[in-house]
>>> print(open('query15.txt').read())   # compact mmCIF, N, CA and C atoms
# COMPACT_ATOMS: atom_id res chain seq x y z
N MET V 150 9.47 -22.25 5.29
CA MET V 150 8.62 -21.23 5.86
C MET V 150 7.19 -21.73 5.99
N SER V 151 6.56 -21.37 7.05
CA SER V 151 5.16 -21.71 7.28
C SER V 151 4.27 -20.83 6.41
N ASN V 152 3.10 -21.33 6.06
CA ASN V 152 2.17 -20.49 5.31
C ASN V 152 1.30 -19.66 6.25
N ASP V 153 1.62 -19.68 7.53
CA ASP V 153 0.86 -18.93 8.51
C ASP V 153 1.73 -17.85 9.16
N GLU V 154 2.56 -17.20 8.34
CA GLU V 154 3.39 -16.11 8.82
C GLU V 154 2.77 -14.79 8.40
N TRP V 155 2.85 -13.80 9.29
CA TRP V 155 2.19 -12.52 9.09
C TRP V 155 3.15 -11.38 9.33
N PHE V 156 2.83 -10.22 8.77
CA PHE V 156 3.54 -8.98 9.08
C PHE V 156 2.51 -7.97 9.57
N THR V 157 2.94 -7.00 10.34
CA THR V 157 2.07 -5.92 10.80
C THR V 157 2.82 -4.61 10.66
N VAL V 158 2.17 -3.64 10.01
CA VAL V 158 2.77 -2.32 9.82
C VAL V 158 1.69 -1.25 9.98
N PRO V 159 2.09 -0.09 10.48
CA PRO V 159 1.15 1.04 10.49
C PRO V 159 1.26 1.78 9.16
N THR V 160 0.16 2.34 8.71
CA THR V 160 0.16 3.18 7.52
C THR V 160 -0.92 4.24 7.71
N THR V 161 -1.14 5.07 6.74
CA THR V 161 -2.21 6.05 6.82
C THR V 161 -3.10 5.93 5.60
N ASP V 162 -4.39 6.21 5.82
CA ASP V 162 -5.32 6.17 4.69
C ASP V 162 -5.34 7.54 4.00
N ASP V 163 -6.20 7.68 3.01
CA ASP V 163 -6.26 8.92 2.23
C ASP V 163 -6.68 10.13 3.06
N ASN V 164 -7.30 9.87 4.22
CA ASN V 164 -7.74 10.96 5.10
C ASN V 164 -6.77 11.24 6.23
N GLY V 165 -5.62 10.58 6.21
CA GLY V 165 -4.61 10.80 7.24
C GLY V 165 -4.80 9.97 8.50
N ASN V 166 -5.77 9.05 8.50
CA ASN V 166 -6.00 8.19 9.67
C ASN V 166 -4.95 7.08 9.72
N THR V 167 -4.52 6.75 10.92
CA THR V 167 -3.59 5.63 11.09
C THR V 167 -4.36 4.32 10.95
N ILE V 168 -3.84 3.44 10.12
CA ILE V 168 -4.42 2.11 9.89
C ILE V 168 -3.33 1.09 10.19
N ILE V 169 -3.67 0.09 10.99
CA ILE V 169 -2.75 -1.01 11.24
C ILE V 169 -3.08 -2.11 10.23
N VAL V 170 -2.09 -2.48 9.44
CA VAL V 170 -2.25 -3.49 8.40
C VAL V 170 -1.53 -4.76 8.85
N THR V 171 -2.27 -5.85 8.87
CA THR V 171 -1.69 -7.16 9.17
C THR V 171 -1.93 -8.03 7.95
N GLY V 172 -0.84 -8.53 7.37
CA GLY V 172 -0.97 -9.29 6.13
C GLY V 172 -0.28 -10.64 6.21
N ARG V 173 -0.86 -11.59 5.50
CA ARG V 173 -0.30 -12.94 5.45
C ARG V 173 0.82 -13.00 4.42
N LEU V 174 1.88 -13.67 4.78
CA LEU V 174 2.97 -13.97 3.86
C LEU V 174 2.75 -15.37 3.29
N ASN V 175 3.52 -15.73 2.30
CA ASN V 175 3.53 -17.10 1.76
C ASN V 175 2.16 -17.57 1.28
N VAL V 176 1.55 -16.80 0.39
CA VAL V 176 0.24 -17.16 -0.15
C VAL V 176 0.33 -17.86 -1.51
N ASP V 177 1.53 -18.07 -1.99
CA ASP V 177 1.72 -18.55 -3.37
C ASP V 177 0.96 -19.83 -3.70
N SER V 178 0.93 -20.79 -2.79
CA SER V 178 0.27 -22.05 -3.07
C SER V 178 -1.22 -21.84 -3.33
N TYR V 179 -1.88 -21.05 -2.48
CA TYR V 179 -3.31 -20.79 -2.65
C TYR V 179 -3.55 -19.88 -3.86
N ARG V 180 -2.70 -18.88 -4.00
CA ARG V 180 -2.84 -17.90 -5.08
C ARG V 180 -2.63 -18.53 -6.45
N SER V 181 -1.81 -19.55 -6.54
CA SER V 181 -1.48 -20.15 -7.83
C SER V 181 -2.66 -20.90 -8.45
N LYS V 182 -3.67 -21.20 -7.67
CA LYS V 182 -4.85 -21.87 -8.20
C LYS V 182 -5.81 -20.82 -8.77
N GLU V 183 -6.00 -20.83 -10.08
CA GLU V 183 -6.80 -19.80 -10.75
C GLU V 183 -8.20 -19.64 -10.16
N ARG V 184 -8.75 -20.73 -9.64
CA ARG V 184 -10.12 -20.65 -9.13
C ARG V 184 -10.23 -19.77 -7.89
N ASN V 185 -9.14 -19.56 -7.17
CA ASN V 185 -9.17 -18.75 -5.95
C ASN V 185 -9.04 -17.26 -6.29
N SER V 186 -10.00 -16.77 -7.05
CA SER V 186 -9.88 -15.42 -7.60
C SER V 186 -10.95 -14.44 -7.10
N ILE V 187 -11.76 -14.87 -6.16
CA ILE V 187 -12.80 -13.99 -5.64
C ILE V 187 -12.32 -13.40 -4.32
N ARG V 188 -12.30 -12.07 -4.27
CA ARG V 188 -11.94 -11.39 -3.02
C ARG V 188 -13.22 -11.04 -2.28
N VAL V 189 -13.25 -11.39 -0.99
CA VAL V 189 -14.38 -11.04 -0.14
C VAL V 189 -13.83 -10.22 1.02
N GLU V 190 -14.46 -9.08 1.25
CA GLU V 190 -14.07 -8.23 2.37
C GLU V 190 -15.23 -8.18 3.36
N VAL V 191 -14.91 -8.44 4.61
CA VAL V 191 -15.89 -8.42 5.69
C VAL V 191 -15.48 -7.27 6.61
N THR V 192 -16.36 -6.29 6.77
CA THR V 192 -16.02 -5.10 7.54
C THR V 192 -16.96 -4.96 8.73
N LEU V 193 -16.36 -4.71 9.88
CA LEU V 193 -17.10 -4.46 11.12
C LEU V 193 -16.81 -3.04 11.57
N PRO V 194 -17.80 -2.14 11.49
CA PRO V 194 -17.59 -0.79 11.99
C PRO V 194 -17.59 -0.78 13.52
N TYR V 195 -16.89 0.17 14.10
CA TYR V 195 -16.88 0.35 15.55
C TYR V 195 -16.75 1.83 15.87
N SER V 196 -17.09 2.19 17.10
CA SER V 196 -16.94 3.57 17.55
C SER V 196 -15.51 3.74 18.03
N PRO V 197 -14.74 4.61 17.37
CA PRO V 197 -13.33 4.79 17.77
C PRO V 197 -13.21 5.27 19.22
N ALA V 198 -12.21 4.73 19.90
CA ALA V 198 -11.92 5.14 21.27
C ALA V 198 -10.63 5.96 21.23
N GLY V 199 -10.74 7.24 21.45
CA GLY V 199 -9.55 8.08 21.44
C GLY V 199 -9.30 8.73 20.09
N GLU V 200 -8.28 9.56 20.05
CA GLU V 200 -7.98 10.37 18.88
C GLU V 200 -7.48 9.57 17.68
N LEU V 201 -6.83 8.44 17.92
CA LEU V 201 -6.23 7.69 16.81
C LEU V 201 -7.21 6.84 16.02
N GLY V 202 -8.44 6.69 16.51
CA GLY V 202 -9.45 5.95 15.76
C GLY V 202 -9.41 4.45 15.95
N PHE V 203 -8.74 4.00 17.00
CA PHE V 203 -8.66 2.56 17.24
C PHE V 203 -9.81 2.10 18.11
N PRO V 204 -10.09 0.78 18.14
CA PRO V 204 -11.21 0.28 18.91
C PRO V 204 -10.94 0.32 20.42
N SER V 205 -12.03 0.33 21.17
CA SER V 205 -11.93 0.20 22.62
C SER V 205 -11.41 -1.20 22.95
N ASP V 206 -11.01 -1.41 24.18
CA ASP V 206 -10.54 -2.75 24.58
C ASP V 206 -11.62 -3.79 24.35
N LYS V 207 -12.87 -3.44 24.65
CA LYS V 207 -13.98 -4.37 24.48
C LYS V 207 -14.16 -4.74 23.00
N ASP V 208 -14.15 -3.72 22.12
CA ASP V 208 -14.29 -3.98 20.69
C ASP V 208 -13.10 -4.76 20.15
N ALA V 209 -11.89 -4.41 20.61
CA ALA V 209 -10.68 -5.12 20.16
C ALA V 209 -10.76 -6.59 20.54
N LYS V 210 -11.27 -6.88 21.75
CA LYS V 210 -11.40 -8.28 22.19
C LYS V 210 -12.39 -9.03 21.29
N LEU V 211 -13.52 -8.40 20.98
CA LEU V 211 -14.50 -9.03 20.09
C LEU V 211 -13.88 -9.31 18.72
N MET V 212 -13.15 -8.34 18.18
CA MET V 212 -12.53 -8.52 16.87
C MET V 212 -11.50 -9.64 16.88
N GLU V 213 -10.76 -9.75 17.96
CA GLU V 213 -9.78 -10.83 18.07
C GLU V 213 -10.48 -12.19 18.15
N GLU V 214 -11.60 -12.25 18.87
CA GLU V 214 -12.36 -13.50 18.95
C GLU V 214 -12.91 -13.88 17.58
N ILE V 215 -13.37 -12.90 16.81
CA ILE V 215 -13.86 -13.17 15.46
C ILE V 215 -12.73 -13.68 14.58
N THR V 216 -11.58 -13.04 14.66
CA THR V 216 -10.41 -13.48 13.88
C THR V 216 -10.03 -14.90 14.23
N ASP V 217 -10.04 -15.21 15.52
CA ASP V 217 -9.73 -16.58 15.97
C ASP V 217 -10.75 -17.58 15.43
N SER V 218 -12.01 -17.19 15.41
CA SER V 218 -13.05 -18.08 14.89
C SER V 218 -12.86 -18.30 13.39
N PHE V 219 -12.49 -17.25 12.67
CA PHE V 219 -12.19 -17.42 11.24
C PHE V 219 -11.07 -18.43 11.06
N ALA V 220 -10.00 -18.26 11.82
CA ALA V 220 -8.84 -19.16 11.70
C ALA V 220 -9.23 -20.60 12.03
N LEU V 221 -9.99 -20.78 13.08
CA LEU V 221 -10.42 -22.12 13.50
C LEU V 221 -11.27 -22.78 12.42
N ASN V 222 -12.19 -22.03 11.83
CA ASN V 222 -13.09 -22.60 10.83
C ASN V 222 -12.43 -22.78 9.47
N LEU V 223 -11.28 -22.19 9.26
CA LEU V 223 -10.54 -22.39 8.01
C LEU V 223 -9.43 -23.42 8.13
N LYS V 224 -9.09 -23.77 9.36
CA LYS V 224 -7.96 -24.68 9.58
C LYS V 224 -8.17 -26.00 8.82
N GLY V 225 -7.21 -26.33 7.96
CA GLY V 225 -7.26 -27.58 7.21
C GLY V 225 -8.23 -27.57 6.04
N LYS V 226 -8.81 -26.42 5.74
CA LYS V 226 -9.78 -26.33 4.64
C LYS V 226 -9.26 -25.37 3.58
N ASN V 227 -9.76 -25.52 2.37
CA ASN V 227 -9.39 -24.63 1.27
C ASN V 227 -10.53 -23.70 0.88
N THR V 228 -11.50 -23.53 1.77
CA THR V 228 -12.67 -22.70 1.48
C THR V 228 -12.27 -21.28 1.13
N ALA V 229 -11.34 -20.73 1.90
CA ALA V 229 -10.89 -19.35 1.71
C ALA V 229 -9.56 -19.20 2.41
N LEU V 230 -8.91 -18.08 2.11
CA LEU V 230 -7.65 -17.75 2.77
C LEU V 230 -7.75 -16.31 3.24
N LEU V 231 -7.59 -16.12 4.54
CA LEU V 231 -7.54 -14.77 5.11
C LEU V 231 -6.18 -14.20 4.78
N THR V 232 -6.16 -13.10 4.00
CA THR V 232 -4.89 -12.54 3.55
C THR V 232 -4.53 -11.23 4.21
N GLY V 233 -5.52 -10.51 4.72
CA GLY V 233 -5.21 -9.21 5.31
C GLY V 233 -6.25 -8.77 6.31
N ILE V 234 -5.78 -7.98 7.28
CA ILE V 234 -6.66 -7.40 8.29
C ILE V 234 -6.25 -5.94 8.44
N TYR V 235 -7.23 -5.06 8.29
CA TYR V 235 -6.99 -3.62 8.43
C TYR V 235 -7.80 -3.12 9.63
N THR V 236 -7.16 -2.37 10.51
CA THR V 236 -7.85 -1.84 11.67
C THR V 236 -7.53 -0.37 11.83
N GLY V 237 -8.57 0.44 11.92
CA GLY V 237 -8.41 1.87 12.15
C GLY V 237 -9.53 2.65 11.49
N ALA V 238 -9.60 3.94 11.84
CA ALA V 238 -10.61 4.83 11.27
C ALA V 238 -12.03 4.30 11.48
N GLY V 239 -12.25 3.61 12.59
CA GLY V 239 -13.59 3.15 12.93
C GLY V 239 -14.06 1.88 12.26
N GLN V 240 -13.12 1.08 11.75
CA GLN V 240 -13.54 -0.20 11.18
C GLN V 240 -12.42 -1.24 11.19
N ARG V 241 -12.84 -2.50 11.28
CA ARG V 241 -11.94 -3.65 11.10
C ARG V 241 -12.38 -4.29 9.81
N ASN V 242 -11.41 -4.54 8.93
CA ASN V 242 -11.69 -5.12 7.63
C ASN V 242 -10.85 -6.38 7.47
N TRP V 243 -11.53 -7.52 7.28
CA TRP V 243 -10.86 -8.78 7.01
C TRP V 243 -10.96 -9.04 5.51
N VAL V 244 -9.85 -9.39 4.87
CA VAL V 244 -9.83 -9.63 3.43
C VAL V 244 -9.51 -11.11 3.18
N PHE V 245 -10.37 -11.75 2.42
CA PHE V 245 -10.22 -13.17 2.10
C PHE V 245 -10.17 -13.34 0.58
N TYR V 246 -9.56 -14.43 0.15
CA TYR V 246 -9.70 -14.88 -1.24
C TYR V 246 -10.33 -16.26 -1.18
N THR V 247 -11.24 -16.52 -2.12
CA THR V 247 -11.99 -17.77 -2.14
C THR V 247 -12.30 -18.17 -3.58
N PHE V 248 -12.84 -19.35 -3.74
CA PHE V 248 -13.23 -19.83 -5.07
C PHE V 248 -14.74 -19.77 -5.27
N SER V 249 -15.50 -19.54 -4.19
CA SER V 249 -16.95 -19.61 -4.28
C SER V 249 -17.59 -18.74 -3.20
N THR V 250 -18.47 -17.84 -3.62
CA THR V 250 -19.16 -17.04 -2.60
C THR V 250 -20.16 -17.89 -1.82
N ASP V 251 -20.70 -18.93 -2.44
CA ASP V 251 -21.61 -19.82 -1.71
C ASP V 251 -20.86 -20.56 -0.59
N SER V 252 -19.71 -21.12 -0.91
CA SER V 252 -18.91 -21.81 0.11
C SER V 252 -18.45 -20.82 1.18
N PHE V 253 -18.06 -19.61 0.75
CA PHE V 253 -17.62 -18.61 1.71
C PHE V 253 -18.76 -18.23 2.65
N ASN V 254 -19.96 -18.12 2.12
CA ASN V 254 -21.12 -17.78 2.95
C ASN V 254 -21.32 -18.82 4.05
N GLY V 255 -21.21 -20.08 3.71
CA GLY V 255 -21.33 -21.14 4.72
C GLY V 255 -20.26 -21.02 5.79
N PHE V 256 -19.01 -20.78 5.35
CA PHE V 256 -17.90 -20.58 6.29
C PHE V 256 -18.18 -19.39 7.20
N LEU V 257 -18.63 -18.28 6.64
CA LEU V 257 -18.88 -17.08 7.42
C LEU V 257 -19.97 -17.32 8.46
N ASN V 258 -21.05 -17.98 8.05
CA ASN V 258 -22.14 -18.29 8.99
C ASN V 258 -21.67 -19.20 10.12
N ARG V 259 -20.88 -20.22 9.80
CA ARG V 259 -20.34 -21.10 10.85
C ARG V 259 -19.43 -20.32 11.79
N SER V 260 -18.59 -19.47 11.23
CA SER V 260 -17.62 -18.72 12.04
C SER V 260 -18.29 -17.75 12.99
N LEU V 261 -19.41 -17.18 12.58
CA LEU V 261 -20.05 -16.14 13.38
C LEU V 261 -21.26 -16.63 14.17
N ALA V 262 -21.55 -17.92 14.12
CA ALA V 262 -22.75 -18.47 14.75
C ALA V 262 -22.83 -18.20 16.25
N THR V 263 -21.70 -18.15 16.93
CA THR V 263 -21.72 -17.97 18.39
C THR V 263 -21.69 -16.51 18.82
N PHE V 264 -21.61 -15.60 17.87
CA PHE V 264 -21.54 -14.17 18.18
C PHE V 264 -22.92 -13.54 18.09
N PRO V 265 -23.10 -12.42 18.79
CA PRO V 265 -24.37 -11.70 18.62
C PRO V 265 -24.45 -11.15 17.19
N LEU V 266 -25.64 -10.74 16.80
CA LEU V 266 -25.82 -10.15 15.47
C LEU V 266 -24.90 -8.94 15.34
N LEU V 267 -24.11 -8.92 14.28
CA LEU V 267 -23.11 -7.88 14.08
C LEU V 267 -23.47 -7.03 12.86
N PRO V 268 -23.16 -5.73 12.87
CA PRO V 268 -23.47 -4.86 11.73
C PRO V 268 -22.41 -4.97 10.64
N LEU V 269 -22.24 -6.16 10.10
CA LEU V 269 -21.20 -6.41 9.11
C LEU V 269 -21.56 -5.86 7.74
N GLU V 270 -20.54 -5.42 7.04
CA GLU V 270 -20.66 -5.06 5.63
C GLU V 270 -19.82 -6.07 4.87
N ILE V 271 -20.40 -6.67 3.84
CA ILE V 271 -19.71 -7.71 3.09
C ILE V 271 -19.68 -7.30 1.62
N TYR V 272 -18.49 -7.39 1.05
CA TYR V 272 -18.27 -6.99 -0.33
C TYR V 272 -17.49 -8.09 -1.02
N ALA V 273 -17.87 -8.41 -2.25
CA ALA V 273 -17.14 -9.43 -3.00
C ALA V 273 -16.96 -8.96 -4.45
N GLU V 274 -15.81 -9.32 -5.00
CA GLU V 274 -15.57 -9.04 -6.42
C GLU V 274 -14.52 -10.00 -6.95
N ASN V 275 -14.54 -10.18 -8.26
CA ASN V 275 -13.51 -10.98 -8.90
C ASN V 275 -12.20 -10.19 -8.87
N ASP V 276 -11.15 -10.83 -8.43
CA ASP V 276 -9.83 -10.21 -8.37
C ASP V 276 -8.80 -11.26 -8.78
N PRO V 277 -8.83 -11.69 -10.06
CA PRO V 277 -7.97 -12.79 -10.50
C PRO V 277 -6.47 -12.49 -10.41
N THR V 278 -6.09 -11.23 -10.40
CA THR V 278 -4.66 -10.89 -10.29
C THR V 278 -4.25 -10.61 -8.85
N TRP V 279 -5.18 -10.75 -7.92
CA TRP V 279 -4.92 -10.49 -6.50
C TRP V 279 -4.38 -9.06 -6.33
N ALA V 280 -5.02 -8.12 -7.00
CA ALA V 280 -4.57 -6.72 -6.97
C ALA V 280 -4.58 -6.14 -5.57
N GLU V 281 -5.61 -6.45 -4.79
CA GLU V 281 -5.67 -5.91 -3.43
C GLU V 281 -4.52 -6.44 -2.60
N TYR V 282 -4.24 -7.72 -2.72
CA TYR V 282 -3.14 -8.31 -1.95
C TYR V 282 -1.81 -7.66 -2.34
N ASP V 283 -1.59 -7.50 -3.64
CA ASP V 283 -0.34 -6.89 -4.10
C ASP V 283 -0.21 -5.45 -3.60
N GLU V 284 -1.33 -4.73 -3.60
CA GLU V 284 -1.29 -3.35 -3.09
C GLU V 284 -0.96 -3.33 -1.60
N MET V 285 -1.55 -4.25 -0.83
CA MET V 285 -1.26 -4.33 0.60
C MET V 285 0.23 -4.62 0.82
N ARG V 286 0.78 -5.55 0.06
CA ARG V 286 2.21 -5.87 0.20
C ARG V 286 3.08 -4.69 -0.19
N SER V 287 2.66 -3.94 -1.20
CA SER V 287 3.41 -2.77 -1.63
C SER V 287 3.43 -1.71 -0.53
N VAL V 288 2.29 -1.46 0.08
CA VAL V 288 2.21 -0.50 1.20
C VAL V 288 3.08 -0.97 2.35
N ALA V 289 3.04 -2.26 2.63
CA ALA V 289 3.84 -2.80 3.73
C ALA V 289 5.32 -2.64 3.44
N SER V 290 5.73 -2.86 2.20
CA SER V 290 7.14 -2.72 1.84
C SER V 290 7.62 -1.29 2.05
N GLU V 291 6.76 -0.32 1.76
CA GLU V 291 7.10 1.08 1.97
C GLU V 291 7.29 1.40 3.45
N GLU V 292 6.51 0.73 4.30
CA GLU V 292 6.53 1.01 5.74
C GLU V 292 7.64 0.26 6.47
N LEU V 293 8.08 -0.86 5.91
CA LEU V 293 9.08 -1.69 6.59
C LEU V 293 10.48 -1.11 6.45
>>> encode(input="query15.txt", output="structure tokens")
Amino acid sequence: MSNDEWFTVPTTDDNGNTIIVTGRLNVDSYRSKERNSIRVEVTLPYSPAGELGFPSDKDAKLMEEITDSFALNLKGKNTALLTGIYTGAGQRNWVFYTFSTDSFNGFLNRSLATFPLLPLEIYAENDPTWAEYDEMRSVASEEL
């Protein structure tokens, strides 16, 4: 199995909003290294288009380009691993695990250098048990 396999499932948040969850499978190699215990979440708010709270075509295209840039800048590197993407309720949230917020900051700046200034929210915390990832997989299992 490739380590670049993903699943996508719809779910709902605590407010009843539909959220599309896209998660990476086969993370064991990266996860097994104790140093990769910092979770960083990068969130881009957007104005929902329509009743379901999803992005407009223009916003969706921008988010896809950002995701592609993340993938390109991580290819062949161990700086971070993108493990999940949540879209809905007026925001796109990318979830990464990394070993260093300093290294992650450099990766993030390189990845976003060609984009206009974005109203990003960035959150980081120690998550040595990968609790967020396990919760995402649990939600996905319920939906599949």
>>> select_by_dssp(input="query15.txt", residues="segment 153-211 of chain V", states="helix (DSSP H, G or I)", output="list in words")
Asp177, Ser178, Tyr179, Arg180, Asp206, Lys207, Asp208, Ala209, Lys210 and Leu211 of chain V
>>> residues_around(input="query15.txt", residues="Thr228 of chain V", least_positions_apart="2", cutoff="5 Å", atoms="only N, CA and C atoms", output="PyMOL selection string")
chain V and resi 226+230+247
>>> atom_distance(input="query15.txt", atom1="atom C of Val176 of chain V", atom2="atom CA of Val288 of chain V")
17.7 Å
>>> axis_aligned_box(input="query15.txt", around="segment 252-262 of chain V", padding_each_side="3 Å", output="JSON")
{"center_x": -20.2, "center_y": -19.0, "center_z": 7.7, "size_x": 11.2, "size_y": 11.7, "size_z": 23.2}
>>> closest_atom_pairs(input="query15.txt", of="segment 217-293 of chain V", to="segment 194-199 of chain V", cutoff="8 Å", atoms="all atoms listed in the file", output="JSON lines")
{"residue": "V:Gly237", "atom": "C", "partner": "V:Pro197", "partner_atom": "CA", "distance": 7.6}
{"residue": "V:Ala238", "atom": "C", "partner": "V:Pro197", "partner_atom": "CA", "distance": 6.4}
{"residue": "V:Gly239", "atom": "C", "partner": "V:Tyr195", "partner_atom": "N", "distance": 3.8}
{"residue": "V:Gln240", "atom": "CA", "partner": "V:Pro194", "partner_atom": "CA", "distance": 4.2}
{"residue": "V:Arg241", "atom": "N", "partner": "V:Pro194", "partner_atom": "N", "distance": 5.0}
{"residue": "V:Asn242", "atom": "N", "partner": "V:Pro194", "partner_atom": "N", "distance": 7.3}
{"residue": "V:Leu267", "atom": "C", "partner": "V:Pro194", "partner_atom": "N", "distance": 7.6}
{"residue": "V:Pro268", "atom": "C", "partner": "V:Pro194", "partner_atom": "N", "distance": 5.5}
{"residue": "V:Leu269", "atom": "CA", "partner": "V:Pro194", "partner_atom": "N", "distance": 6.0}
{"residue": "V:Glu270", "atom": "N", "partner": "V:Pro194", "partner_atom": "N", "distance": 6.2}
>>> closest_residue(input="query15.txt", among="V:Val244, V:Tyr235, V:Thr263, V:Glu183", to="Leu211 of chain V", atoms="only C-alpha atoms")
V:Thr263
>>> build_atoms(input="query15.txt", residues="segment 197-205 of chain V", atoms="all heavy atoms", output="PDB file, keeping the file's coordinate frame")
ATOM      1  N   PRO V 197     -14.740   4.610  17.370  1.00  0.00           N
ATOM      2  CA  PRO V 197     -13.330   4.790  17.770  1.00  0.00           C
ATOM      3  C   PRO V 197     -13.210   5.270  19.220  1.00  0.00           C
ATOM      4  O   PRO V 197     -14.003   6.080  19.688  1.00  0.00           O
ATOM      5  CB  PRO V 197     -12.813   5.857  16.808  1.00  0.00           C
ATOM      6  CG  PRO V 197     -13.746   5.820  15.646  1.00  0.00           C
ATOM      7  CD  PRO V 197     -15.077   5.431  16.214  1.00  0.00           C
ATOM      8  N   ALA V 198     -12.210   4.730  19.900  1.00  0.00           N
ATOM      9  CA  ALA V 198     -11.920   5.140  21.270  1.00  0.00           C
ATOM     10  C   ALA V 198     -10.630   5.960  21.230  1.00  0.00           C
ATOM     11  O   ALA V 198      -9.571   5.430  20.922  1.00  0.00           O
ATOM     12  CB  ALA V 198     -11.748   3.911  22.157  1.00  0.00           C
ATOM     13  N   GLY V 199     -10.740   7.240  21.450  1.00  0.00           N
ATOM     14  CA  GLY V 199      -9.550   8.080  21.440  1.00  0.00           C
ATOM     15  C   GLY V 199      -9.300   8.730  20.090  1.00  0.00           C
ATOM     16  O   GLY V 199      -9.986   8.466  19.103  1.00  0.00           O
ATOM     17  N   GLU V 200      -8.280   9.560  20.050  1.00  0.00           N
ATOM     18  CA  GLU V 200      -7.980  10.370  18.880  1.00  0.00           C
ATOM     19  C   GLU V 200      -7.480   9.570  17.680  1.00  0.00           C
ATOM     20  O   GLU V 200      -7.634   9.982  16.537  1.00  0.00           O
ATOM     21  CB  GLU V 200      -6.932  11.422  19.237  1.00  0.00           C
ATOM     22  CG  GLU V 200      -7.411  12.446  20.227  1.00  0.00           C
ATOM     23  CD  GLU V 200      -6.311  13.432  20.593  1.00  0.00           C
ATOM     24  OE1 GLU V 200      -5.341  13.548  19.832  1.00  0.00           O
ATOM     25  OE2 GLU V 200      -6.443  14.057  21.647  1.00  0.00           O
ATOM     26  N   LEU V 201      -6.830   8.440  17.920  1.00  0.00           N
ATOM     27  CA  LEU V 201      -6.230   7.690  16.810  1.00  0.00           C
ATOM     28  C   LEU V 201      -7.210   6.840  16.020  1.00  0.00           C
ATOM     29  O   LEU V 201      -6.866   6.284  14.983  1.00  0.00           O
ATOM     30  CB  LEU V 201      -5.080   6.830  17.324  1.00  0.00           C
ATOM     31  CG  LEU V 201      -3.865   7.596  17.838  1.00  0.00           C
ATOM     32  CD1 LEU V 201      -2.814   6.639  18.381  1.00  0.00           C
ATOM     33  CD2 LEU V 201      -3.275   8.472  16.735  1.00  0.00           C
ATOM     34  N   GLY V 202      -8.440   6.690  16.510  1.00  0.00           N
ATOM     35  CA  GLY V 202      -9.450   5.950  15.760  1.00  0.00           C
ATOM     36  C   GLY V 202      -9.410   4.450  15.950  1.00  0.00           C
ATOM     37  O   GLY V 202      -9.999   3.711  15.165  1.00  0.00           O
ATOM     38  N   PHE V 203      -8.740   4.000  17.000  1.00  0.00           N
ATOM     39  CA  PHE V 203      -8.660   2.560  17.240  1.00  0.00           C
ATOM     40  C   PHE V 203      -9.810   2.100  18.110  1.00  0.00           C
ATOM     41  O   PHE V 203     -10.465   2.895  18.777  1.00  0.00           O
ATOM     42  CB  PHE V 203      -7.314   2.192  17.865  1.00  0.00           C
ATOM     43  CG  PHE V 203      -6.166   2.414  16.927  1.00  0.00           C
ATOM     44  CD1 PHE V 203      -5.171   3.324  17.225  1.00  0.00           C
ATOM     45  CD2 PHE V 203      -6.108   1.741  15.722  1.00  0.00           C
ATOM     46  CE1 PHE V 203      -4.128   3.544  16.339  1.00  0.00           C
ATOM     47  CE2 PHE V 203      -5.073   1.954  14.825  1.00  0.00           C
ATOM     48  CZ  PHE V 203      -4.084   2.862  15.140  1.00  0.00           C
ATOM     49  N   PRO V 204     -10.090   0.780  18.140  1.00  0.00           N
ATOM     50  CA  PRO V 204     -11.210   0.280  18.910  1.00  0.00           C
ATOM     51  C   PRO V 204     -10.940   0.320  20.420  1.00  0.00           C
ATOM     52  O   PRO V 204      -9.788   0.313  20.858  1.00  0.00           O
ATOM     53  CB  PRO V 204     -11.348  -1.175  18.427  1.00  0.00           C
ATOM     54  CG  PRO V 204     -10.002  -1.532  17.906  1.00  0.00           C
ATOM     55  CD  PRO V 204      -9.404  -0.270  17.380  1.00  0.00           C
ATOM     56  N   SER V 205     -12.030   0.330  21.170  1.00  0.00           N
ATOM     57  CA  SER V 205     -11.930   0.200  22.620  1.00  0.00           C
ATOM     58  C   SER V 205     -11.410  -1.200  22.950  1.00  0.00           C
ATOM     59  O   SER V 205     -11.393  -2.085  22.078  1.00  0.00           O
ATOM     60  CB  SER V 205     -13.316   0.382  23.256  1.00  0.00           C
ATOM     61  OG  SER V 205     -14.172  -0.693  22.867  1.00  0.00           O
TER      62      SER V 205
END
